[in-house]
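Some notes on the structure that comes next.
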Amino acid sequence: MSRGRFITLEGIEGAGKSTVAQLAVDWLGARGITARVTREPGGTPLAERVRKIVLERGPEAVSPQAETLLMFAARSIHVENLIRPALARGEWVICDRFTDATRAYQGYGRGLDQAWIEQLALAVHGDLQPDCTLLLDLPVAMGLSRARGRSGSAADRFEAEVEEFFERVRKGYLLIAQNDPRRVRVVDAARALPDVTEQVTRALESL
C-alpha cells in the first residue's frame with residue numbers, strides 16, 4: 001500500500017480553513033481517495049486537552065516559550081497517534097495548521113528564535129513534512145472581522161490579539177511561502193468561494 005499524502009492548511013484567523021478542508025475531503029472522496037480532516041493544536045483526545053490550555057483565556061500568563069512548547073507537545077501526540085498511522089494506511093491527511101503555524105505565530109508574531117523552533121520541529125516530527133501546504137491569505141482586517149463575528153465574546157487567546165500581531169503573522173506566512181514555493185501554494189482567500197474552490201482544486205490536481 002502506498003503512503004497517503006499529507007496536506008496542511010495555514011492562514012490567519014478567519015481565512016476559511018475549515019471550509020477548504022471540507023472542500024478538499026469532498027473532492028478527494030469523489031475520486032476514490034480516503035481522506036481525513038484533523039487540526040492543530042489538537043486532533044486526538046489528549047492533544048485536544050493541551051489545545052484547551054493553549055487557547056483558554058485565564059488569569060495566569062502563558063509566556064511565548066511556554067506557548068511554543070505546549071504547541072509541540074500537542075503536535076508530538078498528534079503526529080504519533082493519528083497522522084503517521086493514517087498516512088501509513090494510505091489515507092490522505094488534511095491538517096488545519098501544522099509547524100508553519102508555529103513559525104508564523106510564535107516565530108514572527110511573538111518574536112521567538114526561528115532556529116529554536118526548527119530544533120523542536122526536528123525533534124518532534126523529523127522527516128515528516130507536508131506534501132503540500134495551502135496558505136489561505138487575506139487582509140488581516142477581513143480575517144479578524146470574520147473570526148470575531150463568529151466567536152464574539154468567546155474569542156480565544158489568539159483571536160483576542162491586536163491587529164499588529166496578525167500583520168506580523170501574515171507577513172511571516174508570506175515569507176515562508178516565498179522561501180518554499182514548491183511546497184506552499186498561496187490561495188487568495190479574500191475572493192469569492194467559487195474562486196477559492198478553483199484555486200484549491202488546481203493545487204489538489206497537481207498532487
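In the C-alpha cells, the first chain shown is A, the next is B, and so on; residue numbers restart at 1 for each chain, and ligands run from 1 in the order shown.
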
Apply DSSP to the structure's backbone, then extract all residues of chain A labelled strand (DSSP E) and return them as a PyMOL selection string. chain A and resi 6-10+35-39+92-96+132-137+184-188

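Among A:Glu163, A:Glu48, A:Asp131, A:Glu40, the residue with the shortest atom-to-atom distance to Ala101 (chain A), counting only C-alpha atoms, is A:Glu40.
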
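Using only C-alpha atoms, the shortest contact distance between Pro181 (chain A) and any of A:Ile77, A:Leu135, A:Ala86, A:Leu70 is found at A:Leu135.
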
Give me the residues near Lys171 (chain A) as an mmCIF file with N, CA and C atoms, in the first residue's frame, where near means some atom within 9 Å (using only C-alpha atoms) and where sequence neighbours in that chain fewer than 4 positions away do not count.
data_model
loop_
_atom_site.group_PDB
_atom_site.id
_atom_site.type_symbol
_atom_site.label_atom_id
_atom_site.label_comp_id
_atom_site.auth_asym_id
_atom_site.auth_seq_id
_atom_site.Cartn_x
_atom_site.Cartn_y
_atom_site.Cartn_z
ATOM 1 N N ALA A 104 4.986 30.986 12.088
ATOM 2 C CA ALA A 104 4.344 32.280 11.839
ATOM 3 C C ALA A 104 3.883 32.955 13.127
ATOM 4 N N TYR A 108 7.372 34.652 14.012
ATOM 5 C CA TYR A 108 7.208 36.021 13.513
ATOM 6 C C TYR A 108 6.280 36.851 14.405
ATOM 7 N N PHE A 166 -1.273 40.165 14.133
ATOM 8 C CA PHE A 166 -1.653 39.377 12.964
ATOM 9 C C PHE A 166 -0.991 39.880 11.685
ATOM 10 N N GLU A 167 -0.654 41.154 11.640
ATOM 11 C CA GLU A 167 0.107 41.655 10.490
ATOM 12 C C GLU A 167 1.480 40.989 10.441
ATOM 13 N N LEU A 175 6.444 35.087 3.894
ATOM 14 C CA LEU A 175 7.878 34.810 3.779
ATOM 15 C C LEU A 175 8.138 33.305 3.712
ATOM 16 N N ILE A 176 7.401 32.537 4.500
ATOM 17 C CA ILE A 176 7.525 31.070 4.442
ATOM 18 C C ILE A 176 7.194 30.578 3.038
#

Identify, on the basis of only C-alpha atoms, every residue whose closest approach to Leu128 (chain A) does not exceed 12 Å; exclude the query and any residue fewer than 3 positions from it along the same chain; express the result as a PyMOL selection string. chain A and resi 3+5-8+75-76+79-80+83-84+87-88+98-99+121-125+131-132

Contacts of Ser63 (chain A) within 12 Å, only C-alpha atoms, excl. fewer than 2 positions in-chain, as a ChimeraX atom specification: /A:54,60-61,65-70,106,110-112

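Near Pro41 (chain A), within a cut-off of 8 Å and counting only C-alpha atoms, sit the residues Ala47, Glu48, Val50, Arg51, Met71, Ala74, Arg75 and Arg97 of chain A, with same-chain residues fewer than 3 positions away left out.
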
From the options A:Leu134, A:Ala160, A:Val62, A:Val37, which residue's atoms come nearest to Tyr173 (chain A), counting only C-alpha atoms?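 Ranking A:Leu134, A:Ala160, A:Val62, A:Val37 by distance to Tyr173 (chain A), first place goes to A:Leu134.
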
Distance of CA of Arg146 (chain A) from CA of Ala190 (chain A), expressed in Å to one decimal place: 11.0 Å

Rounded to one decimal in Å, what is the spacing between CA of Gly11 (chain A) and CA of Leu138 (chain A)?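 Taking CA of Gly11 (chain A) and CA of Leu138 (chain A), their separation equals 8.2 Å.
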
So which one's closest to Leu9 (chain A), A:Pro139, A:Pro130, A:Gly29, A:Pro194? Using only C-alpha atoms, please.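 When distances to Leu9 (chain A) are compared using only C-alpha atoms, the smallest one comes from A:Pro130.
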
Can you tell me, as JSON, numbers by chain, which residues in region 62-197 of chain A count as helix (DSSP H, G or I) by DSSP? {"A": [64, 65, 66, 67, 68, 69, 70, 71, 72, 73, 74, 75, 76, 77, 78, 79, 80, 81, 82, 83, 84, 85, 86, 87, 88, 99, 100, 101, 102, 103, 104, 105, 106, 107, 108, 109, 114, 115, 116, 117, 118, 119, 120, 121, 122, 123, 124, 125, 140, 141, 142, 143, 144, 145, 146, 147, 148, 149, 150, 151, 152, 153, 154, 163, 164, 165, 166, 167, 168, 169, 170, 171, 172, 173, 174, 175, 176, 177, 178, 179, 193, 194, 195, 196, 197]}

Given the selection you just returned, output its residues as a file containing C-alpha atoms, formatted as a PDB file, in the first residue's frame.
ATOM      1  CA  PRO A  64       5.665  32.724  24.326  1.00  0.00           C
ATOM      2  CA  GLN A  65       8.161  29.985  25.200  1.00  0.00           C
ATOM      3  CA  ALA A  66       5.587  28.000  27.185  1.00  0.00           C
ATOM      4  CA  GLU A  67       3.049  28.508  24.402  1.00  0.00           C
ATOM      5  CA  THR A  68       5.506  27.092  21.859  1.00  0.00           C
ATOM      6  CA  LEU A  69       6.374  24.077  23.998  1.00  0.00           C
ATOM      7  CA  LEU A  70       2.685  23.323  24.516  1.00  0.00           C
ATOM      8  CA  MET A  71       2.124  23.519  20.748  1.00  0.00           C
ATOM      9  CA  PHE A  72       4.887  20.995  20.137  1.00  0.00           C
ATOM     10  CA  ALA A  73       3.697  18.749  22.970  1.00  0.00           C
ATOM     11  CA  ALA A  74       0.265  18.573  21.339  1.00  0.00           C
ATOM     12  CA  ARG A  75       1.906  18.100  17.928  1.00  0.00           C
ATOM     13  CA  SER A  76       4.003  15.181  19.125  1.00  0.00           C
ATOM     14  CA  ILE A  77       0.904  13.383  20.432  1.00  0.00           C
ATOM     15  CA  HIS A  78      -0.979  14.174  17.222  1.00  0.00           C
ATOM     16  CA  VAL A  79       1.791  13.034  14.874  1.00  0.00           C
ATOM     17  CA  GLU A  80       2.447   9.724  16.607  1.00  0.00           C
ATOM     18  CA  ASN A  81      -1.155   8.763  17.405  1.00  0.00           C
ATOM     19  CA  LEU A  82      -3.006   9.990  14.313  1.00  0.00           C
ATOM     20  CA  ILE A  83      -1.018  11.459  11.431  1.00  0.00           C
ATOM     21  CA  ARG A  84       1.696   8.849  10.934  1.00  0.00           C
ATOM     22  CA  PRO A  85      -0.655   5.846  11.350  1.00  0.00           C
ATOM     23  CA  ALA A  86      -3.197   7.327   8.908  1.00  0.00           C
ATOM     24  CA  LEU A  87      -0.532   8.032   6.276  1.00  0.00           C
ATOM     25  CA  ALA A  88       0.858   4.510   6.717  1.00  0.00           C
ATOM     26  CA  THR A  99       4.500  23.637  12.138  1.00  0.00           C
ATOM     27  CA  ASP A 100       4.229  26.576   9.724  1.00  0.00           C
ATOM     28  CA  ALA A 101       1.706  27.993  12.194  1.00  0.00           C
ATOM     29  CA  THR A 102       4.313  27.876  14.956  1.00  0.00           C
ATOM     30  CA  ARG A 103       6.854  29.541  12.679  1.00  0.00           C
ATOM     31  CA  ALA A 104       4.344  32.280  11.839  1.00  0.00           C
ATOM     32  CA  TYR A 105       2.601  32.820  15.195  1.00  0.00           C
ATOM     33  CA  GLN A 106       5.322  32.149  17.746  1.00  0.00           C
ATOM     34  CA  GLY A 107       8.278  32.971  15.491  1.00  0.00           C
ATOM     35  CA  TYR A 108       7.208  36.021  13.513  1.00  0.00           C
ATOM     36  CA  GLY A 109       4.261  37.004  15.712  1.00  0.00           C
ATOM     37  CA  GLN A 114      13.275  30.555  14.492  1.00  0.00           C
ATOM     38  CA  ALA A 115      16.318  28.307  14.954  1.00  0.00           C
ATOM     39  CA  TRP A 116      14.886  27.081  18.279  1.00  0.00           C
ATOM     40  CA  ILE A 117      11.548  26.375  16.618  1.00  0.00           C
ATOM     41  CA  GLU A 118      13.321  24.356  13.918  1.00  0.00           C
ATOM     42  CA  GLN A 119      15.156  22.341  16.583  1.00  0.00           C
ATOM     43  CA  LEU A 120      11.836  21.473  18.191  1.00  0.00           C
ATOM     44  CA  ALA A 121      10.309  20.595  14.817  1.00  0.00           C
ATOM     45  CA  LEU A 122      13.178  18.242  14.054  1.00  0.00           C
ATOM     46  CA  ALA A 123      12.845  16.563  17.434  1.00  0.00           C
ATOM     47  CA  VAL A 124       9.054  16.180  17.242  1.00  0.00           C
ATOM     48  CA  HIS A 125       8.377  15.172  13.650  1.00  0.00           C
ATOM     49  CA  VAL A 140      -5.876  40.978   8.390  1.00  0.00           C
ATOM     50  CA  ALA A 141      -8.888  43.257   8.899  1.00  0.00           C
ATOM     51  CA  MET A 142     -11.068  40.955   6.795  1.00  0.00           C
ATOM     52  CA  GLY A 143      -9.921  37.818   8.578  1.00  0.00           C
ATOM     53  CA  LEU A 144     -10.433  39.254  12.052  1.00  0.00           C
ATOM     54  CA  SER A 145     -13.871  40.553  11.130  1.00  0.00           C
ATOM     55  CA  ARG A 146     -14.884  37.041  10.060  1.00  0.00           C
ATOM     56  CA  ALA A 147     -13.327  35.347  13.093  1.00  0.00           C
ATOM     57  CA  ARG A 148     -14.651  37.752  15.706  1.00  0.00           C
ATOM     58  CA  GLY A 149     -18.089  37.777  14.136  1.00  0.00           C
ATOM     59  CA  ARG A 150     -18.097  34.010  14.559  1.00  0.00           C
ATOM     60  CA  SER A 151     -16.778  33.818  18.132  1.00  0.00           C
ATOM     61  CA  GLY A 152     -17.935  37.139  19.638  1.00  0.00           C
ATOM     62  CA  SER A 153     -17.129  37.492  23.323  1.00  0.00           C
ATOM     63  CA  ALA A 154     -15.839  33.903  23.369  1.00  0.00           C
ATOM     64  CA  GLU A 163      -4.186  43.663  14.684  1.00  0.00           C
ATOM     65  CA  GLU A 164      -0.449  44.410  14.598  1.00  0.00           C
ATOM     66  CA  PHE A 165       0.259  40.895  15.869  1.00  0.00           C
ATOM     67  CA  PHE A 166      -1.653  39.377  12.964  1.00  0.00           C
ATOM     68  CA  GLU A 167       0.107  41.655  10.490  1.00  0.00           C
ATOM     69  CA  ARG A 168       3.398  40.149  11.651  1.00  0.00           C
ATOM     70  CA  VAL A 169       1.924  36.654  11.414  1.00  0.00           C
ATOM     71  CA  ARG A 170       0.632  37.261   7.890  1.00  0.00           C
ATOM     72  CA  LYS A 171       3.980  38.679   6.791  1.00  0.00           C
ATOM     73  CA  GLY A 172       5.665  35.615   8.288  1.00  0.00           C
ATOM     74  CA  TYR A 173       3.408  33.250   6.403  1.00  0.00           C
ATOM     75  CA  LEU A 174       4.137  35.022   3.110  1.00  0.00           C
ATOM     76  CA  LEU A 175       7.878  34.810   3.779  1.00  0.00           C
ATOM     77  CA  ILE A 176       7.525  31.070   4.442  1.00  0.00           C
ATOM     78  CA  ALA A 177       5.722  30.697   1.111  1.00  0.00           C
ATOM     79  CA  GLN A 178       8.350  32.783  -0.663  1.00  0.00           C
ATOM     80  CA  ASN A 179      11.142  30.604   0.734  1.00  0.00           C
ATOM     81  CA  LEU A 193     -15.889  30.909  -2.617  1.00  0.00           C
ATOM     82  CA  PRO A 194     -16.068  29.672  -6.261  1.00  0.00           C
ATOM     83  CA  ASP A 195     -12.723  31.355  -6.955  1.00  0.00           C
ATOM     84  CA  VAL A 196     -11.170  29.891  -3.803  1.00  0.00           C
ATOM     85  CA  THR A 197     -12.535  26.473  -4.768  1.00  0.00           C
TER      86      THR A 197
END

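CA of Leu204 (chain A) is found 8.6 Å from CA of Trp27 (chain A).
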